[in-house]
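The next block is final-v7.cif, given as mmCIF, C-alpha atoms and all ligand atoms.
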data_start
#
loop_
_atom_site.group_PDB
_atom_site.id
_atom_site.type_symbol
_atom_site.label_atom_id
_atom_site.label_comp_id
_atom_site.auth_asym_id
_atom_site.auth_seq_id
_atom_site.Cartn_x
_atom_site.Cartn_y
_atom_site.Cartn_z
ATOM 1 C CA MET A 1 139.704 -219.190 225.188
ATOM 2 C CA PRO A 2 142.096 -221.910 223.881
ATOM 3 C CA VAL A 3 143.077 -224.307 226.666
ATOM 4 C CA LEU A 4 146.807 -223.849 226.005
ATOM 5 C CA ASP A 5 146.609 -220.127 226.760
ATOM 6 C CA VAL A 6 145.285 -220.673 230.273
ATOM 7 C CA LEU A 7 147.907 -223.209 231.331
ATOM 8 C CA PRO A 8 149.348 -222.184 234.714
ATOM 9 C CA VAL A 9 153.000 -221.669 235.637
ATOM 10 C CA PRO A 10 155.739 -223.154 233.474
ATOM 11 C CA ASP A 11 156.640 -226.632 234.576
ATOM 12 C CA ARG A 12 159.563 -228.931 234.045
ATOM 13 C CA PRO A 13 158.573 -232.444 235.168
ATOM 14 C CA TRP A 14 161.528 -234.389 236.503
ATOM 15 C CA PRO A 15 161.956 -238.152 237.080
ATOM 16 C CA THR A 16 161.526 -239.367 240.605
ATOM 17 C CA GLY A 17 164.001 -241.993 241.783
ATOM 18 C CA ARG A 18 166.962 -243.141 239.703
ATOM 19 C CA ILE A 19 167.473 -241.008 236.627
ATOM 20 C CA THR A 20 168.115 -242.847 233.376
ATOM 21 C CA LEU A 21 167.943 -241.662 229.769
ATOM 22 C CA GLN A 22 164.590 -243.428 229.527
ATOM 23 C CA SER A 23 163.085 -241.822 232.653
ATOM 24 C CA LEU A 24 164.445 -238.448 231.556
ATOM 25 C CA ARG A 25 162.967 -238.875 228.069
ATOM 26 C CA GLU A 26 159.580 -239.731 229.560
ATOM 27 C CA ALA A 27 159.628 -236.743 231.910
ATOM 28 C CA ALA A 28 160.652 -234.394 229.102
ATOM 29 C CA ARG A 29 157.484 -235.339 227.196
ATOM 30 C CA GLY A 30 155.489 -233.147 229.575
ATOM 31 C CA CYS A 31 157.870 -230.186 229.669
ATOM 32 C CA THR A 32 156.187 -226.774 229.607
ATOM 33 C CA ALA A 33 159.149 -224.812 230.973
ATOM 34 C CA CYS A 34 158.996 -222.370 228.025
ATOM 35 C CA PRO A 35 156.203 -221.548 225.563
ATOM 36 C CA LEU A 36 157.640 -223.595 222.687
ATOM 37 C CA PHE A 37 155.689 -226.712 223.664
ATOM 38 C CA LYS A 38 152.464 -224.966 222.668
ATOM 39 C CA HIS A 39 153.078 -225.097 218.927
ATOM 40 C CA ALA A 40 155.336 -228.136 218.667
ATOM 41 C CA THR A 41 153.985 -231.613 217.953
ATOM 42 C CA GLN A 42 156.057 -233.243 220.682
ATOM 43 C CA THR A 43 159.245 -233.080 222.721
ATOM 44 C CA VAL A 44 162.165 -234.398 220.690
ATOM 45 C CA PHE A 45 164.611 -235.915 223.143
ATOM 46 C CA GLY A 46 168.110 -237.248 222.400
ATOM 47 C CA ARG A 47 168.720 -240.688 220.915
ATOM 48 C CA GLY A 48 171.597 -243.131 221.175
ATOM 49 C CA PRO A 49 173.170 -245.390 223.776
ATOM 50 C CA GLU A 50 174.252 -244.240 227.217
ATOM 51 C CA SER A 51 177.623 -245.851 226.400
ATOM 52 C CA ALA A 52 178.187 -243.539 223.398
ATOM 53 C CA ARG A 53 181.660 -242.000 223.306
ATOM 54 C CA ILE A 54 180.529 -239.004 221.229
ATOM 55 C CA MET A 55 177.703 -236.596 221.939
ATOM 56 C CA LEU A 56 176.584 -234.491 218.965
ATOM 57 C CA VAL A 57 174.458 -231.500 219.961
ATOM 58 C CA GLY A 58 172.345 -229.501 217.526
ATOM 59 C CA GLU A 59 170.115 -226.477 218.017
ATOM 60 C CA GLN A 60 166.547 -227.743 218.019
ATOM 61 C CA PRO A 61 164.413 -230.268 216.119
ATOM 62 C CA GLY A 62 163.348 -229.261 212.628
ATOM 63 C CA ASN A 63 160.058 -229.966 210.869
ATOM 64 C CA ASP A 64 160.798 -233.662 210.213
ATOM 65 C CA GLU A 65 162.117 -234.244 213.728
ATOM 66 C CA ASP A 66 159.058 -232.550 215.238
ATOM 67 C CA LEU A 67 156.789 -234.905 213.306
ATOM 68 C CA GLY A 68 158.941 -238.022 213.765
ATOM 69 C CA GLY A 69 159.899 -237.482 217.410
ATOM 70 C CA LEU A 70 163.621 -238.160 216.886
ATOM 71 C CA PRO A 71 166.548 -235.742 216.406
ATOM 72 C CA PHE A 72 168.371 -235.391 213.085
ATOM 73 C CA VAL A 73 166.114 -237.545 210.919
ATOM 74 C CA GLY A 74 165.514 -234.891 208.216
ATOM 75 C CA PRO A 75 167.832 -233.326 205.596
ATOM 76 C CA ALA A 76 170.349 -232.040 208.191
ATOM 77 C CA GLY A 77 170.421 -235.529 209.696
ATOM 78 C CA ARG A 78 171.334 -237.003 206.317
ATOM 79 C CA VAL A 79 174.259 -234.569 205.986
ATOM 80 C CA LEU A 80 175.340 -235.498 209.515
ATOM 81 C CA ALA A 81 175.133 -239.223 208.725
ATOM 82 C CA ASP A 82 177.201 -238.702 205.529
ATOM 83 C CA GLY A 83 179.800 -236.736 207.518
ATOM 84 C CA LEU A 84 180.079 -239.427 210.199
ATOM 85 C CA ARG A 85 180.455 -242.137 207.571
ATOM 86 C CA ALA A 86 183.160 -240.196 205.707
ATOM 87 C CA ALA A 87 185.041 -239.644 208.983
ATOM 88 C CA ALA A 88 184.710 -243.365 209.821
ATOM 89 C CA ILE A 89 182.715 -242.674 212.986
ATOM 90 C CA ASP A 90 180.327 -245.466 213.927
ATOM 91 C CA PRO A 91 176.849 -243.887 214.393
ATOM 92 C CA ALA A 92 176.224 -246.499 217.102
ATOM 93 C CA ASP A 93 178.973 -244.771 219.108
ATOM 94 C CA ALA A 94 177.130 -241.432 218.988
ATOM 95 C CA TYR A 95 174.402 -239.915 221.148
ATOM 96 C CA VAL A 96 172.569 -237.205 219.187
ATOM 97 C CA THR A 97 170.550 -234.453 220.800
ATOM 98 C CA ASN A 98 169.680 -230.732 220.760
ATOM 99 C CA VAL A 99 170.015 -227.858 223.233
ATOM 100 C CA VAL A 100 166.307 -227.096 222.707
ATOM 101 C CA LYS A 101 163.812 -229.962 222.631
ATOM 102 C CA HIS A 102 160.818 -228.340 220.911
ATOM 103 C CA PHE A 103 160.559 -227.081 217.322
ATOM 104 C CA LYS A 104 160.215 -223.292 217.108
ATOM 105 C CA TRP A 105 158.605 -222.183 213.893
ATOM 106 C CA VAL A 106 156.439 -219.603 212.137
ATOM 107 C CA PRO A 107 153.960 -220.379 209.337
ATOM 108 C CA ARG A 108 154.740 -219.304 205.784
ATOM 109 C CA GLY A 109 151.968 -220.464 203.526
ATOM 110 C CA LYS A 110 151.724 -224.199 204.104
ATOM 111 C CA ARG A 111 155.281 -224.459 205.396
ATOM 112 C CA ARG A 112 156.630 -224.221 208.927
ATOM 113 C CA ILE A 113 159.753 -222.086 208.938
ATOM 114 C CA HIS A 114 162.428 -222.631 211.571
ATOM 115 C CA GLN A 115 163.016 -219.790 214.048
ATOM 116 C CA LYS A 116 166.126 -219.440 216.167
ATOM 117 C CA PRO A 117 165.362 -220.096 219.846
ATOM 118 C CA SER A 118 165.808 -217.191 222.273
ATOM 119 C CA ALA A 119 168.343 -217.231 225.103
ATOM 120 C CA ARG A 120 165.443 -217.718 227.553
ATOM 121 C CA GLU A 121 164.205 -220.775 225.655
ATOM 122 C CA VAL A 122 167.716 -222.239 225.566
ATOM 123 C CA ASP A 123 168.084 -221.608 229.321
ATOM 124 C CA ALA A 124 164.693 -223.162 230.093
ATOM 125 C CA CYS A 125 165.786 -226.346 228.293
ATOM 126 C CA ARG A 126 169.241 -226.468 229.859
ATOM 127 C CA PRO A 127 168.540 -229.010 232.648
ATOM 128 C CA TRP A 128 167.730 -231.669 230.025
ATOM 129 C CA ILE A 129 171.025 -231.401 228.155
ATOM 130 C CA ASP A 130 172.969 -231.089 231.414
ATOM 131 C CA GLU A 131 171.467 -234.353 232.612
ATOM 132 C CA GLU A 132 172.024 -236.054 229.242
ATOM 133 C CA MET A 133 175.711 -235.057 229.434
ATOM 134 C CA ALA A 134 175.919 -236.301 233.039
ATOM 135 C CA LEU A 135 174.452 -239.690 232.081
ATOM 136 C CA VAL A 136 176.307 -240.288 228.821
ATOM 137 C CA ARG A 137 179.619 -238.727 229.937
ATOM 138 C CA PRO A 138 180.897 -238.559 226.352
ATOM 139 C CA GLN A 139 184.586 -238.745 225.579
ATOM 140 C CA VAL A 140 184.080 -236.084 222.893
ATOM 141 C CA LEU A 141 181.359 -233.440 222.948
ATOM 142 C CA VAL A 142 180.532 -231.998 219.513
ATOM 143 C CA PRO A 143 178.372 -228.847 219.430
ATOM 144 C CA LEU A 144 176.961 -228.363 215.924
ATOM 145 C CA GLY A 145 176.577 -224.689 214.974
ATOM 146 C CA ALA A 146 176.586 -221.409 216.869
ATOM 147 C CA THR A 147 173.441 -221.883 218.971
ATOM 148 C CA ALA A 148 174.631 -225.166 220.484
ATOM 149 C CA ALA A 149 178.251 -224.033 220.777
ATOM 150 C CA GLN A 150 177.351 -220.767 222.499
ATOM 151 C CA ALA A 151 174.804 -222.434 224.777
ATOM 152 C CA LEU A 152 177.416 -224.963 225.928
ATOM 153 C CA LEU A 153 180.670 -222.998 225.664
ATOM 154 C CA GLY A 154 179.613 -219.388 226.276
ATOM 155 C CA SER A 155 178.353 -216.531 224.146
ATOM 156 C CA SER A 156 181.827 -215.405 223.084
ATOM 157 C CA PHE A 157 182.516 -218.737 221.360
ATOM 158 C CA ARG A 158 182.896 -218.336 217.588
ATOM 159 C CA VAL A 159 182.420 -221.509 215.544
ATOM 160 C CA THR A 160 184.007 -219.850 212.492
ATOM 161 C CA ARG A 161 187.265 -219.241 214.390
ATOM 162 C CA GLN A 162 187.336 -222.179 216.811
ATOM 163 C CA ARG A 163 185.835 -225.066 214.855
ATOM 164 C CA GLY A 164 187.688 -228.339 214.516
ATOM 165 C CA ARG A 165 189.913 -227.745 217.561
ATOM 166 C CA ASP A 166 190.182 -229.997 220.561
ATOM 167 C CA ILE A 167 189.180 -227.590 223.331
ATOM 168 C CA SER A 168 189.456 -227.927 227.070
ATOM 169 C CA THR A 169 186.059 -227.520 228.785
ATOM 170 C CA PRO A 170 184.574 -228.793 232.051
ATOM 171 C CA LEU A 171 181.910 -230.643 230.033
ATOM 172 C CA ALA A 172 183.887 -233.553 228.585
ATOM 173 C CA PRO A 173 187.489 -234.739 228.214
ATOM 174 C CA HIS A 174 187.398 -233.295 224.672
ATOM 175 C CA THR A 175 185.138 -230.756 222.995
ATOM 176 C CA VAL A 176 185.275 -230.167 219.225
ATOM 177 C CA ALA A 177 182.738 -227.718 217.799
ATOM 178 C CA THR A 178 181.840 -227.595 214.143
ATOM 179 C CA VAL A 179 179.208 -226.062 211.883
ATOM 180 C CA HIS A 180 175.575 -227.101 211.851
ATOM 181 C CA PRO A 181 174.946 -229.539 208.965
ATOM 182 C CA SER A 182 172.075 -227.375 207.704
ATOM 183 C CA SER A 183 174.587 -224.563 207.011
ATOM 184 C CA ILE A 184 176.055 -226.881 204.362
ATOM 185 C CA LEU A 185 172.617 -227.342 202.788
ATOM 186 C CA ARG A 186 172.160 -223.557 202.680
ATOM 187 C CA GLN A 187 175.240 -223.007 200.470
ATOM 188 C CA GLN A 188 174.264 -221.477 197.140
ATOM 189 C CA THR A 189 176.375 -223.503 194.719
ATOM 190 C CA SER A 190 177.276 -227.176 194.532
ATOM 191 C CA GLY A 191 180.954 -226.148 194.671
ATOM 192 C CA ASP A 192 180.392 -224.304 197.943
ATOM 193 C CA ARG A 193 178.413 -227.236 199.326
ATOM 194 C CA GLU A 194 181.224 -229.635 198.453
ATOM 195 C CA ARG A 195 183.855 -227.384 200.005
ATOM 196 C CA GLU A 196 181.836 -226.926 203.218
ATOM 197 C CA MET A 197 181.130 -230.648 203.406
ATOM 198 C CA GLU A 198 184.854 -231.418 203.131
ATOM 199 C CA HIS A 199 185.584 -228.962 205.949
ATOM 200 C CA PHE A 200 182.830 -230.536 208.088
ATOM 201 C CA ILE A 201 184.331 -233.999 207.473
ATOM 202 C CA GLU A 202 187.791 -232.688 208.414
ATOM 203 C CA ASP A 203 186.354 -231.489 211.754
ATOM 204 C CA LEU A 204 184.717 -234.877 212.327
ATOM 205 C CA ARG A 205 188.032 -236.590 211.551
ATOM 206 C CA VAL A 206 189.525 -234.663 214.475
ATOM 207 C CA VAL A 207 186.812 -236.307 216.619
ATOM 208 C CA ALA A 208 187.605 -239.748 215.158
ATOM 209 C CA ARG A 209 191.329 -239.341 215.880
ATOM 210 C CA LEU A 210 190.635 -238.334 219.488
ATOM 211 C CA LEU A 211 188.634 -241.521 219.956
ATOM 212 C CA ASP A 212 191.413 -243.599 218.417
ATOM 213 C CA ASP A 213 194.133 -241.917 220.529
ATOM 214 C CA GLY A 214 192.243 -242.265 223.810
ATOM 215 C CA ASP A 215 194.321 -239.341 225.175
ATOM 216 C CA ASP A 216 192.450 -237.160 227.682
ATOM 217 C CA THR A 217 194.538 -233.995 227.294
ATOM 218 C CA PRO A 218 192.905 -231.340 225.090
ATOM 219 C CA SER A 219 195.258 -229.193 223.046
ATOM 220 C CA HIS A 220 193.446 -225.800 223.229
ATOM 221 C CA SER A 221 191.862 -223.813 226.058
ATOM 222 C CA LEU A 222 188.509 -222.089 225.560
HETATM 223 N N1 LIG B 301 168.566 -229.368 213.238
HETATM 224 C C1 LIG B 301 168.951 -229.539 214.538
HETATM 225 O O1 LIG B 301 169.661 -228.712 215.105
HETATM 226 N N2 LIG B 301 168.544 -230.617 215.163
HETATM 227 C C2 LIG B 301 167.788 -231.549 214.613
HETATM 228 O O2 LIG B 301 167.458 -232.509 215.289
HETATM 229 C C3 LIG B 301 167.417 -231.369 213.256
HETATM 230 C C4 LIG B 301 167.807 -230.279 212.594
#
Here is the file; what I need is its structure written in the form of structure tokens.
Ligand code: URA
Amino acid sequence: MPVLDVLPVPDRPWPTGRITLQSLREAARGCTACPLFKHATQTVFGRGPESARIMLVGEQPGNDEDLGGLPFVGPAGRVLADGLRAAAIDPADAYVTNVVKHFKWVPRGKRRIHQKPSAREVDACRPWIDEEMALVRPQVLVPLGATAAQALLGSSFRVTRQRGRDISTPLAPHTVATVHPSSILRQQTSGDREREMEHFIEDLRVVARLLDDGDDTPSHSL
């Protein structure tokens, strides 16, 4: 019988003593709180400085992130980097992470195809993102796409309707949700990709203005 199938109860190792991003990252390496660890290469924890004023939160690592061990280093990461640059947001001011820390995939031929994480998998991973938010205490929280937005803001949140708005939440002084960068890559025509990219940049400009203003009063309630 394969060793992985006889592992005992799910476990979420946790740092002992003072919690820092580094101690949290190290503990998360051994997380078996849901079955996703079994088929992923490694835990992909958040990256960026604890002093970051923006926290960008995606769904889960993709194929490149799973292999590289860092979030948003593949095609979606390049779209995100282009969006930040166009909105004049310094990437050094951003902490980038995911609500789920292991890649969920199914094989198709030689490729590994992304699968949406279940609500149970998102819940099992929740303590990691909660602690990342508590340590970084971002000025602006930016959920990217429906999975992250609904995990953080509730299942009735609709990115299509509520994107790009400065929303009042208990999680950060400002929360501005937008689409997942991979949704831009999935557009069928170059015209659609350009239009979606412009809209994404507009949402990120809202984030940039909030940082410039330094005002802590959000303009919309959830
Ligand atoms: N998609 C995500 O949601 N996160 C990543 O890190 C990469 C792709």
Inset, instruction - Tell me, as a ChimeraX atom specification, which residues lie within 12 Å of Lys101 (chain A), counting all atoms listed in the file; anything in the same chain fewer than 5 positions away does not count. - result: /A:25,28-37,40-47,57-62,65-66,69-72,96,117,121-129
Output C-alpha atoms for every residue in that selection, as a compact mmCIF listing (two decimals), keeping the file's coordinate frame.
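File produced: selection_29.txt:
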# COMPACT_ATOMS: atom_id res chain seq x y z
CA ARG A 25 162.97 -238.88 228.07
CA ALA A 28 160.65 -234.39 229.10
CA ARG A 29 157.48 -235.34 227.20
CA GLY A 30 155.49 -233.15 229.58
CA CYS A 31 157.87 -230.19 229.67
CA THR A 32 156.19 -226.77 229.61
CA ALA A 33 159.15 -224.81 230.97
CA CYS A 34 159.00 -222.37 228.02
CA PRO A 35 156.20 -221.55 225.56
CA LEU A 36 157.64 -223.60 222.69
CA PHE A 37 155.69 -226.71 223.66
CA ALA A 40 155.34 -228.14 218.67
CA THR A 41 153.99 -231.61 217.95
CA GLN A 42 156.06 -233.24 220.68
CA THR A 43 159.24 -233.08 222.72
CA VAL A 44 162.16 -234.40 220.69
CA PHE A 45 164.61 -235.92 223.14
CA GLY A 46 168.11 -237.25 222.40
CA ARG A 47 168.72 -240.69 220.92
CA VAL A 57 174.46 -231.50 219.96
CA GLY A 58 172.34 -229.50 217.53
CA GLU A 59 170.12 -226.48 218.02
CA GLN A 60 166.55 -227.74 218.02
CA PRO A 61 164.41 -230.27 216.12
CA GLY A 62 163.35 -229.26 212.63
CA GLU A 65 162.12 -234.24 213.73
CA ASP A 66 159.06 -232.55 215.24
CA GLY A 69 159.90 -237.48 217.41
CA LEU A 70 163.62 -238.16 216.89
CA PRO A 71 166.55 -235.74 216.41
CA PHE A 72 168.37 -235.39 213.08
CA VAL A 96 172.57 -237.20 219.19
CA PRO A 117 165.36 -220.10 219.85
CA GLU A 121 164.20 -220.78 225.66
CA VAL A 122 167.72 -222.24 225.57
CA ASP A 123 168.08 -221.61 229.32
CA ALA A 124 164.69 -223.16 230.09
CA CYS A 125 165.79 -226.35 228.29
CA ARG A 126 169.24 -226.47 229.86
CA PRO A 127 168.54 -229.01 232.65
CA TRP A 128 167.73 -231.67 230.02
CA ILE A 129 171.02 -231.40 228.16
Legend entry - Separation of CA of Gly48 (chain A) from CA of Asp90 (chain A) in Å: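 So the answer is 11.6 Å.
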Distance query Leu185 (chain A) at most 10 Å, only C-alpha atoms, self and fewer than 4 positions along chain excluded, as an mmCIF file with C-alpha atoms, keeping the file's coordinate frame:
data_model
loop_
_atom_site.group_PDB
_atom_site.id
_atom_site.type_symbol
_atom_site.label_atom_id
_atom_site.label_comp_id
_atom_site.auth_asym_id
_atom_site.auth_seq_id
_atom_site.Cartn_x
_atom_site.Cartn_y
_atom_site.Cartn_z
ATOM 1 C CA PRO A 75 167.832 -233.326 205.596
ATOM 2 C CA ALA A 76 170.349 -232.040 208.191
ATOM 3 C CA VAL A 79 174.259 -234.569 205.986
ATOM 4 C CA HIS A 180 175.575 -227.101 211.851
ATOM 5 C CA PRO A 181 174.946 -229.539 208.965
ATOM 6 C CA THR A 189 176.375 -223.503 194.719
ATOM 7 C CA SER A 190 177.276 -227.176 194.532
ATOM 8 C CA ASP A 192 180.392 -224.304 197.943
ATOM 9 C CA ARG A 193 178.413 -227.236 199.326
ATOM 10 C CA GLU A 194 181.224 -229.635 198.453
ATOM 11 C CA GLU A 196 181.836 -226.926 203.218
ATOM 12 C CA MET A 197 181.130 -230.648 203.406
#
Please enclose the listed atoms of region 45-61 of chain A in an axis-aligned box, pad each side by 6 Å, and write out the centre and the three edge lengths in Å, rounded to one decimal, as AutoDock Vina command-line options.
--center_x 173.0 --center_y -236.2 --center_z 221.7 --size_x 29.2 --size_y 31.4 --size_z 23.1
Inset, instruction - Report the distance between CA of Arg12 (chain A) and CA of His102 (chain A) in Å, rounded to one decimal place. - result: 13.2 Å
Inset, instruction - Run the PyMOL selection byres (((chain A and resi 222) around 10) and not hetatm) mentally over the shown coordinates, then write out the matched residues as a list in words, using the chain letters and numbers from the document. - result: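 Selected by the PyMOL selection byres (((chain A and resi 222) around 10) and not hetatm) here: Leu153, Gly154, Ser156, Phe157, Gln162, Arg165, Asp166, Ile167, Ser168, Thr169, Thr175, His220 and Ser221 of chain A.
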Inset, instruction - May I ask which of the residues A:Asn98, A:Ser118, A:Thr217, A:Thr20 is the closest one to ligand LIG 301 (chain B), counting only C-alpha atoms and all ligand atoms? - result: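 Closest to ligand LIG 301 (chain B), using only C-alpha atoms and all ligand atoms: A:Asn98.
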Inset, instruction - Name the closest residue to Asp64 (chain A) among the candidates A:Val99, A:Val142, A:Ala177, A:Ile113; distances are taken between atoms, counting only C-alpha atoms. - result: A:Ile113
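CA of Ala119 (chain A) to CA of Ala149 (chain A) spans 12.8 Å [interatomic distance, one decimal].
For the residues A:Phe103, A:Val159, A:Glu131, A:Leu204, ranking by smallest atom-to-atom distance to Gly68 (chain A) using all atoms listed in the file places A:Phe103 first.
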Inset, instruction - List the neighbours of Asp215 (chain A) out to 12 Å using only C-alpha atoms; skip same-chain residues closer than 6 positions along the sequence, and give me the result as a list in words. - result: Gln139, Val140, Asp166, Pro173, His174, Val207 and Arg209 of chain A
Inset, instruction - Go through A:Arg195, A:Arg18, A:Arg137, A:His114 and flag the residue nearest ligand LIG 301 (chain B), using all atoms listed in the file for the distances. - result: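 Among A:Arg195, A:Arg18, A:Arg137, A:His114, it is A:His114 that comes nearest to ligand LIG 301 (chain B).
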Inset, instruction - Tell me which protein, DNA and RNA residues are within 10 Å of Arg205 (chain A), counting all atoms listed in the file, leaving out same-chain ones fewer than 5 positions away, and put them as a PyMOL selection string. - result: chain A and resi 83-84+86-89+164+199-200+210-211
Inset, instruction - Rank A:Ile19, A:Leu67, A:Met55, A:Val73 by their smallest atom-to-atom distance to ligand LIG 301 (chain B), using all atoms listed in the file, and report the top residue only. - result: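 Nearest to ligand LIG 301 (chain B): A:Val73.
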Inset, instruction - Report as a VMD selection string the residues that result from applying the PyMOL selection byres (((chain A and resi 94) around 7) and not hetatm) to the structure here. - result: chain A and resid 48 52 to 56 91 to 93 95 to 96
